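Before any comments, here is the structure.
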Protein chains: 2
Amino acid sequence: MSARGAVFIATSLDGFIAREDGRIDWLLQANEAVPPGEDCGYAAFMATVDAIVMGRATFEQVLAFADWPYGTTPLMVWSRRLQALPAGLPPTVSLHAGSATELAAHAAQHGHGRLYVDGGRTIQAFLAAHLIDEPTITVIPILLGRGRPLFGGMGPDVHLTHLSTQAWPFGFVQNRYAVAAPA
Amino acid sequence: MSARGAVFIATSLDGFIAREDGRIDWLLQANEAVPPGEDCGYAAFMATVDAIVMGRATFEQVLAFADWPYGTTPLMVWSRRLQALPAGLPPTVSLHAGSATELAAHAAQHGHGRLYVDGGRTIQAFLAAHLIDEPTITVIPILLGRGRPLFGGMGPDVHLTHLSTQAWPFGFVQNRYAVAAPA
């Protein structure tokens with residue numbers, strides 16, 4: 001048994017999730033145009049997942065937040081490099097090495113059937129392991145020219161089924177897809 | 001006076017307009033799911049442009065078509081490498097070197113105020129020269145993993161205004177943007 005992954009992420013129109021140095025200033029700036037109370041479906045998405053998986057780079061961004069953003073939802077930090085978690089974290093945070101497949105199996109054993117897979121490399125690894133069912137991608141109306149791509153370097157074509165699209169007056173366009181099973 | 005450029009192009013969800021070797025088999029295959037008579041706004045778009053600009057690579061793809069696809073609309077082939085056009089082309093085809101800015105000025109002098117700018121490198125060059133007003137991008141529900149990107153290597157951020165989005169039952173999502181003037 002294996003958990004399955006969902007993705008909920010924002011990219012620039014040219015497909016980057018962060019600048020080359022990891023900064024997301026452009027995303028924070030774009031978010032300033034979003035009216036208070038509008039979360040572009042984030043809370044509804046979070047209500048569907050059992051746990052979160054992210055790599056070290058994304059985790060370090062989360063650590064810089066003033067408040068813990070994930071409530072009681074378990075957060076699995078996936079890193080071969082981290083030896084231990086920093087002190088003072090909520091007890092819902094755990095550290096994992098191993099492959100994406102092993103991580104998904106471990107999650108399922110602990111009752112986490114649906115994972116929120118976050119961060120570029122983690123998403124790419126889970127996609128390559130055919131563990132992503134549903135990517136939801138919110139496109140921000142900016143071209144960065146260069147940066148850290150959401151997708152990249154995968155193997156053969158991945159066919160998707162378009163599920164829905166929503167556009168907001170502040171220019172964000174959100175597309176939800178299902179990943180077709182590999183042929 | 002300068003002509004202004006519009007873009008009307010399809011990309012994979014990961015932002016590629018062709019495979020690394022230039023093949024668009026994935027796009028032709030996706031088009032097979034499009035009902036007869038549905039052109040995703042292409043004819044309406046073509047009716048708004050005065051001339052077409054494309055580079056050598058895209059032009060060579062056009063030459064491989066069985067029928068000339070552009071009717072009487074002038075086609076400006078933009079290439080520093082091509083010395084002459086092949087024989088037997090319609091008289092609407094012309095060859096141009098020079099910069100994007102020079103080409104846009106030349107077009108305007110000939111009464112072509114709005115250009116359909118096609119092909120990855122040509123689009124990137126016109127974007128970098130601030131000559132693109134309106135990109136319309138149709139996203140095909142496939143991840144190619146690698147290929148020729150629509151965007152890339154531009155300088156500073158390009159801010160866009162989202163104009164409209166249309167999604168079709170066969171999974172294509174078309175987004176129309178306006179390019180904001182450089183700050």
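Going by the structure tokens order, chains are called A, B, ..., each with residues numbered from 1, while ligands are numbered from 1 in the order shown.
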
Taking only C-alpha atoms into account, what are the residues of chain B at most 9 Å from chain A, put as a compact mmCIF listing (two decimals) with C-alpha atoms, in the first residue's frame?
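Result written to selection_36.txt:
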```
# COMPACT_ATOMS: atom_id res chain seq x y z
CA LEU B 13 2.25 22.23 -19.10
CA ASP B 14 5.97 22.45 -18.40
CA GLY B 15 6.39 25.26 -20.90
CA TRP B 26 2.82 15.49 -28.84
CA ILE B 140 -1.64 21.27 -23.53
CA PRO B 141 -2.14 18.75 -20.70
CA ILE B 142 1.19 16.96 -20.98
CA LEU B 143 4.59 17.15 -19.29
CA LEU B 144 7.46 16.63 -21.71
CA GLY B 145 10.23 16.84 -19.13
CA ARG B 146 12.60 18.50 -21.57
CA PRO B 149 11.14 26.36 -23.87
CA LEU B 150 8.76 29.11 -24.90
CA PHE B 151 10.40 31.54 -22.52
CA GLY B 152 13.92 31.74 -21.25
CA GLY B 153 16.95 33.76 -20.45
CA MET B 154 15.24 37.13 -20.41
CA GLY B 155 16.49 39.96 -18.29
CA PRO B 156 14.45 41.46 -15.46
CA ASP B 157 10.94 40.46 -14.48
CA VAL B 158 8.18 40.98 -17.03
CA HIS B 159 4.88 41.81 -15.35
CA LEU B 160 1.72 40.77 -17.13
CA THR B 161 -1.96 41.53 -16.83
CA HIS B 162 -4.25 38.56 -17.16
CA LEU B 163 -6.94 39.24 -19.76
CA SER B 164 -8.90 36.02 -20.11
CA THR B 165 -8.85 32.28 -19.72
CA GLN B 166 -10.74 29.61 -21.60
CA ALA B 167 -10.70 25.89 -20.90
CA TRP B 168 -12.01 23.29 -23.34
CA PRO B 169 -13.44 19.84 -22.62
CA PHE B 170 -10.47 18.27 -24.43
CA GLY B 171 -8.15 19.68 -21.78
CA PHE B 172 -6.56 22.68 -23.44
CA VAL B 173 -6.42 25.86 -21.35
CA ASN B 175 -4.62 32.20 -21.26
CA TYR B 177 -2.20 38.25 -21.13
```

Return as a tab-separated table (two decimals) with all heavy atoms, in the first residue's frame the full set of residues in range 78-173 of chain B whose backbone-based DSSP assignment is strand (DSSP E or B).
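See out-v1.tsv below for the written result:
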```
chain	number	residue	atom	x	y	z
B	78	TRP	N	12.64	35.86	-40.43
B	78	TRP	CA	13.68	36.62	-39.74
B	78	TRP	C	14.88	35.71	-39.48
B	78	TRP	O	14.81	34.81	-38.66
B	78	TRP	CB	13.11	37.15	-38.42
B	78	TRP	CG	14.02	38.10	-37.70
B	78	TRP	CD1	14.82	39.04	-38.26
B	78	TRP	CD2	14.19	38.21	-36.29
B	78	TRP	NE1	15.49	39.72	-37.27
B	78	TRP	CE2	15.12	39.24	-36.06
B	78	TRP	CE3	13.64	37.53	-35.19
B	78	TRP	CZ2	15.53	39.60	-34.76
B	78	TRP	CZ3	14.04	37.91	-33.92
B	78	TRP	CH2	14.97	38.94	-33.72
B	93	VAL	N	5.92	36.32	-48.98
B	93	VAL	CA	7.01	35.94	-48.08
B	93	VAL	C	8.23	36.80	-48.36
B	93	VAL	O	8.62	36.98	-49.51
B	93	VAL	CB	7.38	34.44	-48.25
B	93	VAL	CG1	8.42	34.04	-47.20
B	93	VAL	CG2	6.14	33.57	-48.14
B	94	SER	N	8.83	37.33	-47.30
B	94	SER	CA	10.04	38.14	-47.45
B	94	SER	C	11.05	37.74	-46.39
B	94	SER	O	10.70	37.19	-45.35
B	94	SER	CB	9.71	39.63	-47.34
B	94	SER	OG	9.06	39.90	-46.10
B	95	LEU	N	12.32	38.02	-46.67
B	95	LEU	CA	13.42	37.62	-45.78
B	95	LEU	C	14.03	38.87	-45.16
B	95	LEU	O	14.25	39.87	-45.85
B	95	LEU	CB	14.47	36.84	-46.58
B	95	LEU	CG	15.71	36.37	-45.84
B	95	LEU	CD1	15.36	35.41	-44.71
B	95	LEU	CD2	16.69	35.71	-46.83
B	96	HIS	N	14.31	38.79	-43.86
B	96	HIS	CA	14.81	39.95	-43.14
B	96	HIS	C	15.92	39.56	-42.17
B	96	HIS	O	15.83	38.53	-41.51
B	96	HIS	CB	13.68	40.61	-42.34
B	96	HIS	CG	12.52	41.00	-43.20
B	96	HIS	ND1	12.38	42.27	-43.72
B	96	HIS	CD2	11.47	40.28	-43.67
B	96	HIS	CE1	11.27	42.31	-44.46
B	96	HIS	NE2	10.70	41.11	-44.45
B	114	ARG	N	0.43	45.35	-36.50
B	114	ARG	CA	0.31	44.28	-35.51
B	114	ARG	C	0.86	42.99	-36.10
B	114	ARG	O	0.36	42.50	-37.12
B	114	ARG	CB	-1.15	44.10	-35.09
B	114	ARG	CG	-1.36	43.04	-34.02
B	114	ARG	CD	-2.75	43.14	-33.44
B	114	ARG	NE	-3.24	41.89	-32.89
B	114	ARG	CZ	-3.20	41.58	-31.58
B	114	ARG	NH1	-2.71	42.45	-30.72
B	114	ARG	NH2	-3.68	40.42	-31.15
B	115	LEU	N	1.87	42.46	-35.44
B	115	LEU	CA	2.58	41.28	-35.93
B	115	LEU	C	2.25	40.05	-35.10
B	115	LEU	O	2.17	40.12	-33.87
B	115	LEU	CB	4.10	41.52	-35.87
B	115	LEU	CG	4.64	42.74	-36.60
B	115	LEU	CD1	6.14	42.89	-36.32
B	115	LEU	CD2	4.38	42.61	-38.10
B	116	TYR	N	2.08	38.96	-35.79
B	116	TYR	CA	1.99	37.65	-35.14
B	116	TYR	C	3.42	37.12	-35.04
B	116	TYR	O	4.03	36.77	-36.05
B	116	TYR	CB	1.10	36.74	-35.99
B	116	TYR	CG	1.04	35.27	-35.62
B	116	TYR	CD1	1.46	34.78	-34.40
B	116	TYR	CD2	0.52	34.36	-36.55
B	116	TYR	CE1	1.37	33.43	-34.10
B	116	TYR	CE2	0.43	33.01	-36.26
B	116	TYR	CZ	0.86	32.55	-35.03
B	116	TYR	OH	0.77	31.21	-34.75
B	117	VAL	N	3.96	37.13	-33.84
B	117	VAL	CA	5.35	36.73	-33.63
B	117	VAL	C	5.37	35.27	-33.22
B	117	VAL	O	4.78	34.89	-32.20
B	117	VAL	CB	6.01	37.62	-32.55
B	117	VAL	CG1	7.46	37.21	-32.32
B	117	VAL	CG2	5.93	39.09	-32.97
B	118	ASP	N	6.05	34.44	-34.00
B	118	ASP	CA	5.96	32.99	-33.78
B	118	ASP	C	7.34	32.36	-33.67
B	118	ASP	O	8.31	32.82	-34.28
B	118	ASP	CB	5.17	32.34	-34.93
B	118	ASP	CG	4.58	30.99	-34.51
B	118	ASP	OD1	4.47	30.74	-33.30
B	118	ASP	OD2	4.23	30.20	-35.40
B	132	ILE	N	6.40	42.89	-27.52
B	132	ILE	CA	5.23	42.01	-27.42
B	132	ILE	C	4.20	42.66	-26.51
B	132	ILE	O	4.48	43.03	-25.38
B	132	ILE	CB	5.62	40.63	-26.84
B	132	ILE	CG1	6.65	39.93	-27.73
B	132	ILE	CG2	4.38	39.77	-26.62
B	132	ILE	CD1	6.11	39.48	-29.06
B	133	ASP	N	2.98	42.79	-27.02
B	133	ASP	CA	1.89	43.33	-26.20
B	133	ASP	C	1.05	42.23	-25.59
B	133	ASP	O	0.63	42.34	-24.45
B	133	ASP	CB	0.97	44.21	-27.06
B	133	ASP	CG	1.59	45.55	-27.36
B	133	ASP	OD1	2.53	45.95	-26.65
B	133	ASP	OD2	1.13	46.21	-28.31
B	134	GLU	N	0.76	41.21	-26.38
B	134	GLU	CA	-0.24	40.25	-25.95
B	134	GLU	C	0.14	38.82	-26.24
B	134	GLU	O	0.01	38.36	-27.38
B	134	GLU	CB	-1.58	40.52	-26.66
B	134	GLU	CG	-2.36	41.65	-26.05
B	134	GLU	CD	-3.74	41.74	-26.69
B	134	GLU	OE1	-4.24	40.70	-27.17
B	134	GLU	OE2	-4.29	42.84	-26.70
B	135	PRO	N	0.61	38.10	-25.25
B	135	PRO	CA	0.79	36.66	-25.45
B	135	PRO	C	-0.50	35.89	-25.14
B	135	PRO	O	-1.13	36.10	-24.10
B	135	PRO	CB	1.90	36.29	-24.47
B	135	PRO	CG	2.02	37.41	-23.50
B	135	PRO	CD	1.18	38.57	-23.99
B	136	THR	N	-0.88	35.03	-26.06
B	136	THR	CA	-1.96	34.06	-25.84
B	136	THR	C	-1.33	32.68	-25.86
B	136	THR	O	-0.74	32.28	-26.86
B	136	THR	CB	-3.03	34.17	-26.94
B	136	THR	OG1	-3.63	35.46	-26.88
B	136	THR	CG2	-4.11	33.09	-26.77
B	137	ILE	N	-1.43	31.99	-24.73
B	137	ILE	CA	-0.71	30.73	-24.58
B	137	ILE	C	-1.72	29.63	-24.29
B	137	ILE	O	-2.49	29.72	-23.32
B	137	ILE	CB	0.32	30.82	-23.45
B	137	ILE	CG1	1.32	31.95	-23.76
B	137	ILE	CG2	1.03	29.49	-23.25
B	137	ILE	CD1	2.20	32.31	-22.61
B	138	THR	N	-1.72	28.61	-25.12
B	138	THR	CA	-2.62	27.49	-24.94
B	138	THR	C	-1.84	26.33	-24.35
B	138	THR	O	-0.87	25.85	-24.95
B	138	THR	CB	-3.26	27.08	-26.28
B	138	THR	OG1	-3.89	28.25	-26.84
B	138	THR	CG2	-4.30	25.99	-26.09
B	139	VAL	N	-2.24	25.92	-23.15
B	139	VAL	CA	-1.49	24.90	-22.42
B	139	VAL	C	-2.09	23.52	-22.70
B	139	VAL	O	-3.28	23.30	-22.46
B	139	VAL	CB	-1.49	25.20	-20.91
B	139	VAL	CG1	-0.73	24.12	-20.16
B	139	VAL	CG2	-0.88	26.58	-20.65
B	140	ILE	N	-1.26	22.64	-23.21
B	140	ILE	CA	-1.64	21.27	-23.53
B	140	ILE	C	-1.37	20.39	-22.31
B	140	ILE	O	-0.31	20.54	-21.69
B	140	ILE	CB	-0.82	20.76	-24.74
B	140	ILE	CG1	-0.85	21.79	-25.90
B	140	ILE	CG2	-1.31	19.39	-25.21
B	140	ILE	CD1	-2.21	22.13	-26.41
B	142	ILE	N	0.13	17.97	-20.94
B	142	ILE	CA	1.19	16.96	-20.98
B	142	ILE	C	2.46	17.58	-20.40
B	142	ILE	O	2.69	18.79	-20.55
B	142	ILE	CB	1.43	16.48	-22.44
B	142	ILE	CG1	2.38	15.28	-22.49
B	142	ILE	CG2	1.95	17.60	-23.33
B	142	ILE	CD1	2.51	14.64	-23.86
B	143	LEU	N	3.24	16.76	-19.73
B	143	LEU	CA	4.59	17.15	-19.29
B	143	LEU	C	5.59	16.44	-20.18
B	143	LEU	O	5.58	15.22	-20.28
B	143	LEU	CB	4.81	16.74	-17.83
B	143	LEU	CG	3.88	17.38	-16.80
B	143	LEU	CD1	4.08	16.72	-15.43
B	143	LEU	CD2	4.12	18.87	-16.71
B	148	ARG	N	12.25	22.47	-26.05
B	148	ARG	CA	12.57	23.86	-26.36
B	148	ARG	C	11.57	24.76	-25.63
B	148	ARG	O	10.37	24.72	-25.92
B	148	ARG	CB	12.46	24.11	-27.87
B	148	ARG	CG	13.45	23.30	-28.66
B	148	ARG	CD	13.40	23.65	-30.13
B	148	ARG	NE	14.32	22.81	-30.89
B	148	ARG	CZ	14.44	22.82	-32.22
B	148	ARG	NH1	13.68	23.65	-32.94
B	148	ARG	NH2	15.31	22.04	-32.81
B	149	PRO	N	12.05	25.55	-24.68
B	149	PRO	CA	11.14	26.36	-23.87
B	149	PRO	C	10.58	27.54	-24.65
B	149	PRO	O	11.24	28.10	-25.52
B	149	PRO	CB	12.01	26.84	-22.72
B	149	PRO	CG	13.40	26.84	-23.26
B	149	PRO	CD	13.46	25.73	-24.29
B	158	VAL	N	9.19	40.42	-16.14
B	158	VAL	CA	8.18	40.98	-17.03
B	158	VAL	C	6.82	40.79	-16.36
B	158	VAL	O	6.38	39.65	-16.15
B	158	VAL	CB	8.19	40.31	-18.42
B	158	VAL	CG1	7.07	40.86	-19.29
B	158	VAL	CG2	9.54	40.48	-19.09
B	159	HIS	N	6.20	41.89	-16.00
B	159	HIS	CA	4.88	41.81	-15.35
B	159	HIS	C	3.79	41.78	-16.41
B	159	HIS	O	3.86	42.51	-17.41
B	159	HIS	CB	4.68	43.00	-14.41
B	159	HIS	CG	5.54	42.92	-13.19
B	159	HIS	ND1	5.14	42.31	-12.03
B	159	HIS	CD2	6.80	43.34	-12.97
B	159	HIS	CE1	6.10	42.38	-11.13
B	159	HIS	NE2	7.13	43.00	-11.67
B	160	LEU	N	2.80	40.95	-16.18
B	160	LEU	CA	1.72	40.77	-17.13
B	160	LEU	C	0.39	41.08	-16.47
B	160	LEU	O	0.25	40.99	-15.25
B	160	LEU	CB	1.70	39.32	-17.63
B	160	LEU	CG	3.00	38.79	-18.23
B	160	LEU	CD1	2.99	37.27	-18.23
B	160	LEU	CD2	3.20	39.32	-19.63
B	161	THR	N	-0.58	41.41	-17.29
B	161	THR	CA	-1.96	41.53	-16.83
B	161	THR	C	-2.75	40.41	-17.47
B	161	THR	O	-2.70	40.23	-18.69
B	161	THR	CB	-2.55	42.89	-17.25
B	161	THR	OG1	-1.73	43.93	-16.71
B	161	THR	CG2	-3.97	43.05	-16.74
B	162	HIS	N	-3.44	39.66	-16.64
B	162	HIS	CA	-4.25	38.56	-17.16
B	162	HIS	C	-5.51	39.12	-17.81
B	162	HIS	O	-6.22	39.92	-17.20
B	162	HIS	CB	-4.61	37.63	-16.00
B	162	HIS	CG	-5.59	36.56	-16.37
B	162	HIS	ND1	-6.91	36.60	-16.01
B	162	HIS	CD2	-5.43	35.44	-17.11
B	162	HIS	CE1	-7.53	35.53	-16.49
B	162	HIS	NE2	-6.66	34.81	-17.16
B	163	LEU	N	-5.77	38.73	-19.05
B	163	LEU	CA	-6.94	39.24	-19.76
B	163	LEU	C	-8.10	38.25	-19.75
B	163	LEU	O	-9.24	38.62	-19.48
B	163	LEU	CB	-6.57	39.59	-21.21
B	163	LEU	CG	-5.53	40.70	-21.38
B	163	LEU	CD1	-5.22	40.90	-22.86
B	163	LEU	CD2	-5.98	42.01	-20.75
B	164	SER	N	-7.81	37.00	-20.07
B	164	SER	CA	-8.90	36.02	-20.11
B	164	SER	C	-8.34	34.61	-20.11
B	164	SER	O	-7.18	34.39	-20.44
B	164	SER	CB	-9.76	36.23	-21.36
B	164	SER	OG	-9.00	35.97	-22.52
B	165	THR	N	-9.20	33.70	-19.72
B	165	THR	CA	-8.85	32.28	-19.72
B	165	THR	C	-10.02	31.49	-20.28
B	165	THR	O	-11.18	31.78	-19.98
B	165	THR	CB	-8.55	31.79	-18.28
B	165	THR	OG1	-7.32	32.36	-17.85
B	165	THR	CG2	-8.43	30.27	-18.22
B	166	GLN	N	-9.70	30.53	-21.10
B	166	GLN	CA	-10.74	29.61	-21.60
B	166	GLN	C	-10.23	28.19	-21.50
B	166	GLN	O	-9.08	27.89	-21.89
B	166	GLN	CB	-11.09	29.95	-23.05
B	166	GLN	CG	-12.25	29.11	-23.57
B	166	GLN	CD	-12.76	29.58	-24.92
B	166	GLN	OE1	-12.24	30.54	-25.49
B	166	GLN	NE2	-13.77	28.90	-25.44
B	167	ALA	N	-11.05	27.31	-20.97
B	167	ALA	CA	-10.70	25.89	-20.90
B	167	ALA	C	-11.68	25.12	-21.77
B	167	ALA	O	-12.87	25.44	-21.81
B	167	ALA	CB	-10.76	25.40	-19.46
B	173	VAL	N	-6.10	24.64	-22.09
B	173	VAL	CA	-6.42	25.86	-21.35
B	173	VAL	C	-5.68	27.01	-22.00
B	173	VAL	O	-4.46	26.99	-22.12
B	173	VAL	CB	-6.01	25.76	-19.86
B	173	VAL	CG1	-6.35	27.06	-19.13
B	173	VAL	CG2	-6.70	24.58	-19.18
```

CA of Met46 in chain A to CA of Phe8 in chain A: how many Å, to one decimal? 9.1 Å

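Of the residues under consideration (B:Leu89, B:Leu131, B:Val53, B:Cys40), B:Cys40 shows the shortest atom-to-atom contact distance to Ala10 in chain B when counting only C-alpha atoms.
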
Please identify all polymer residues within 8 Å of Gly113 in chain B, counting only C-alpha atoms, omitting same-chain residues fewer than 5 positions from it, and present them as a tab-separated table (two decimals) with N, CA, C and O atoms, in the first residue's frame.
```
chain	number	residue	atom	x	y	z
B	2	SER	N	6.71	51.92	-34.59
B	2	SER	CA	7.08	50.50	-34.54
B	2	SER	C	5.83	49.65	-34.54
B	2	SER	O	4.81	50.03	-33.95
B	3	ALA	N	5.92	48.53	-35.19
B	3	ALA	CA	4.84	47.54	-35.07
B	3	ALA	C	4.91	46.93	-33.66
B	3	ALA	O	5.93	47.00	-32.99
B	4	ARG	N	3.79	46.35	-33.23
B	4	ARG	CA	3.73	45.66	-31.95
B	4	ARG	C	3.43	44.19	-32.22
B	4	ARG	O	2.78	43.85	-33.20
B	49	VAL	N	-4.15	40.32	-37.03
B	49	VAL	CA	-2.74	40.64	-37.30
B	49	VAL	C	-2.56	41.05	-38.76
B	49	VAL	O	-3.31	40.63	-39.65
B	50	ASP	N	-1.54	41.86	-38.99
B	50	ASP	CA	-1.26	42.37	-40.33
B	50	ASP	C	-0.17	41.58	-41.03
B	50	ASP	O	-0.09	41.59	-42.26
B	107	ALA	N	8.30	46.82	-40.48
B	107	ALA	CA	6.92	46.35	-40.64
B	107	ALA	C	5.95	47.53	-40.58
B	107	ALA	O	5.04	47.64	-41.41
B	108	ALA	N	6.15	48.40	-39.61
B	108	ALA	CA	5.26	49.55	-39.45
B	108	ALA	C	5.30	50.45	-40.69
B	108	ALA	O	4.27	50.96	-41.13
```

Write down as an mmCIF file with N, CA and C atoms, in the first residue's frame the residues of chain A whose backbone DSSP state falls under helix (DSSP H, G or I).
```cif
data_model
loop_
_atom_site.group_PDB
_atom_site.id
_atom_site.type_symbol
_atom_site.label_atom_id
_atom_site.label_comp_id
_atom_site.auth_asym_id
_atom_site.auth_seq_id
_atom_site.Cartn_x
_atom_site.Cartn_y
_atom_site.Cartn_z
ATOM 1 N N ASP A 25 10.099 36.590 -3.500
ATOM 2 C CA ASP A 25 9.626 37.976 -3.355
ATOM 3 C C ASP A 25 8.525 38.309 -4.357
ATOM 4 N N TRP A 26 8.663 37.824 -5.598
ATOM 5 C CA TRP A 26 7.692 38.083 -6.661
ATOM 6 C C TRP A 26 6.332 37.493 -6.303
ATOM 7 N N LEU A 27 6.345 36.338 -5.585
ATOM 8 C CA LEU A 27 5.095 35.677 -5.201
ATOM 9 C C LEU A 27 4.449 36.428 -4.038
ATOM 10 N N LEU A 28 5.271 36.822 -3.075
ATOM 11 C CA LEU A 28 4.744 37.583 -1.939
ATOM 12 C C LEU A 28 4.165 38.910 -2.420
ATOM 13 N N GLN A 29 4.860 39.522 -3.392
ATOM 14 C CA GLN A 29 4.364 40.788 -3.939
ATOM 15 C C GLN A 29 3.033 40.587 -4.675
ATOM 16 N N ALA A 30 2.960 39.520 -5.456
ATOM 17 C CA ALA A 30 1.712 39.215 -6.172
ATOM 18 C C ALA A 30 0.580 38.958 -5.185
ATOM 19 N N ASN A 31 0.899 38.313 -4.065
ATOM 20 C CA ASN A 31 -0.124 37.997 -3.067
ATOM 21 C C ASN A 31 -0.726 39.252 -2.444
ATOM 22 N N TYR A 42 -6.737 27.125 -0.913
ATOM 23 C CA TYR A 42 -5.707 26.456 -0.120
ATOM 24 C C TYR A 42 -6.296 25.692 1.078
ATOM 25 N N ALA A 43 -7.183 26.346 1.836
ATOM 26 C CA ALA A 43 -7.758 25.678 3.013
ATOM 27 C C ALA A 43 -8.563 24.446 2.596
ATOM 28 N N ALA A 44 -9.312 24.580 1.512
ATOM 29 C CA ALA A 44 -10.095 23.436 1.031
ATOM 30 C C ALA A 44 -9.167 22.302 0.606
ATOM 31 N N PHE A 45 -8.062 22.657 -0.044
ATOM 32 C CA PHE A 45 -7.085 21.636 -0.419
ATOM 33 C C PHE A 45 -6.483 20.978 0.814
ATOM 34 N N MET A 46 -6.063 21.798 1.772
ATOM 35 C CA MET A 46 -5.429 21.254 2.975
ATOM 36 C C MET A 46 -6.360 20.289 3.708
ATOM 37 N N ARG A 56 14.306 19.621 2.221
ATOM 38 C CA ARG A 56 15.004 20.498 3.153
ATOM 39 C C ARG A 56 14.857 21.973 2.774
ATOM 40 N N ALA A 57 14.995 22.291 1.469
ATOM 41 C CA ALA A 57 14.968 23.692 1.052
ATOM 42 C C ALA A 57 13.628 24.338 1.403
ATOM 43 N N THR A 58 12.538 23.645 1.100
ATOM 44 C CA THR A 58 11.217 24.186 1.420
ATOM 45 C C THR A 58 11.019 24.257 2.925
ATOM 46 N N PHE A 59 11.490 23.225 3.630
ATOM 47 C CA PHE A 59 11.370 23.192 5.085
ATOM 48 C C PHE A 59 12.068 24.402 5.716
ATOM 49 N N GLU A 60 13.218 24.741 5.198
ATOM 50 C CA GLU A 60 13.942 25.886 5.769
ATOM 51 C C GLU A 60 13.194 27.193 5.540
ATOM 52 N N GLN A 61 12.465 27.269 4.434
ATOM 53 C CA GLN A 61 11.603 28.449 4.232
ATOM 54 C C GLN A 61 10.490 28.475 5.273
ATOM 55 N N VAL A 62 9.916 27.308 5.555
ATOM 56 C CA VAL A 62 8.828 27.234 6.535
ATOM 57 C C VAL A 62 9.331 27.655 7.920
ATOM 58 N N LEU A 63 10.557 27.236 8.242
ATOM 59 C CA LEU A 63 11.125 27.583 9.554
ATOM 60 C C LEU A 63 11.266 29.093 9.726
ATOM 61 N N ALA A 100 11.312 8.069 -2.525
ATOM 62 C CA ALA A 100 9.940 8.570 -2.542
ATOM 63 C C ALA A 100 8.958 7.418 -2.340
ATOM 64 N N THR A 101 9.236 6.297 -2.973
ATOM 65 C CA THR A 101 8.356 5.132 -2.840
ATOM 66 C C THR A 101 8.314 4.639 -1.401
ATOM 67 N N GLU A 102 9.489 4.588 -0.756
ATOM 68 C CA GLU A 102 9.536 4.161 0.652
ATOM 69 C C GLU A 102 8.789 5.135 1.551
ATOM 70 N N LEU A 103 8.950 6.409 1.261
ATOM 71 C CA LEU A 103 8.276 7.428 2.068
ATOM 72 C C LEU A 103 6.759 7.309 1.928
ATOM 73 N N ALA A 104 6.306 7.091 0.698
ATOM 74 C CA ALA A 104 4.864 6.962 0.462
ATOM 75 C C ALA A 104 4.310 5.704 1.136
ATOM 76 N N ALA A 105 5.094 4.633 1.154
ATOM 77 C CA ALA A 105 4.661 3.413 1.825
ATOM 78 C C ALA A 105 4.605 3.636 3.341
ATOM 79 N N HIS A 106 5.628 4.294 3.869
ATOM 80 C CA HIS A 106 5.670 4.608 5.298
ATOM 81 C C HIS A 106 4.469 5.453 5.702
ATOM 82 N N ALA A 107 4.164 6.452 4.886
ATOM 83 C CA ALA A 107 3.019 7.325 5.190
ATOM 84 C C ALA A 107 1.732 6.520 5.240
ATOM 85 N N ALA A 108 1.552 5.639 4.267
ATOM 86 C CA ALA A 108 0.332 4.830 4.224
ATOM 87 C C ALA A 108 0.221 3.953 5.464
ATOM 88 N N GLN A 109 1.353 3.401 5.904
ATOM 89 C CA GLN A 109 1.347 2.555 7.112
ATOM 90 C C GLN A 109 0.891 3.336 8.346
ATOM 91 N N GLY A 120 10.020 21.979 -5.280
ATOM 92 C CA GLY A 120 10.314 21.564 -6.642
ATOM 93 C C GLY A 120 10.921 20.178 -6.758
ATOM 94 N N ARG A 121 12.023 19.938 -6.060
ATOM 95 C CA ARG A 121 12.698 18.642 -6.221
ATOM 96 C C ARG A 121 11.869 17.492 -5.692
ATOM 97 N N THR A 122 11.155 17.751 -4.593
ATOM 98 C CA THR A 122 10.322 16.697 -4.016
ATOM 99 C C THR A 122 9.193 16.353 -4.980
ATOM 100 N N ILE A 123 8.576 17.364 -5.556
ATOM 101 C CA ILE A 123 7.502 17.123 -6.523
ATOM 102 C C ILE A 123 8.043 16.347 -7.724
ATOM 103 N N GLN A 124 9.207 16.754 -8.222
ATOM 104 C CA GLN A 124 9.792 16.057 -9.374
ATOM 105 C C GLN A 124 10.080 14.585 -9.047
ATOM 106 N N ALA A 125 10.583 14.339 -7.831
ATOM 107 C CA ALA A 125 10.899 12.953 -7.444
ATOM 108 C C ALA A 125 9.622 12.125 -7.326
ATOM 109 N N PHE A 126 8.592 12.704 -6.753
ATOM 110 C CA PHE A 126 7.330 11.968 -6.605
ATOM 111 C C PHE A 126 6.652 11.758 -7.960
ATOM 112 N N LEU A 127 6.757 12.743 -8.834
ATOM 113 C CA LEU A 127 6.219 12.567 -10.192
ATOM 114 C C LEU A 127 6.946 11.430 -10.903
ATOM 115 N N ALA A 128 8.273 11.442 -10.808
ATOM 116 C CA ALA A 128 9.066 10.414 -11.493
ATOM 117 C C ALA A 128 8.733 9.026 -10.960
#
```

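Take the candidates B:Val77, B:Ala47, B:Met54, B:Ala97 and check each one against Gly119 in chain B using only C-alpha atoms; the shortest distance goes to B:Met54.
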
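The interatomic distance for the pair CA of Gly111 in chain B and CA of Pro69 in chain B works out to 21.6 Å.
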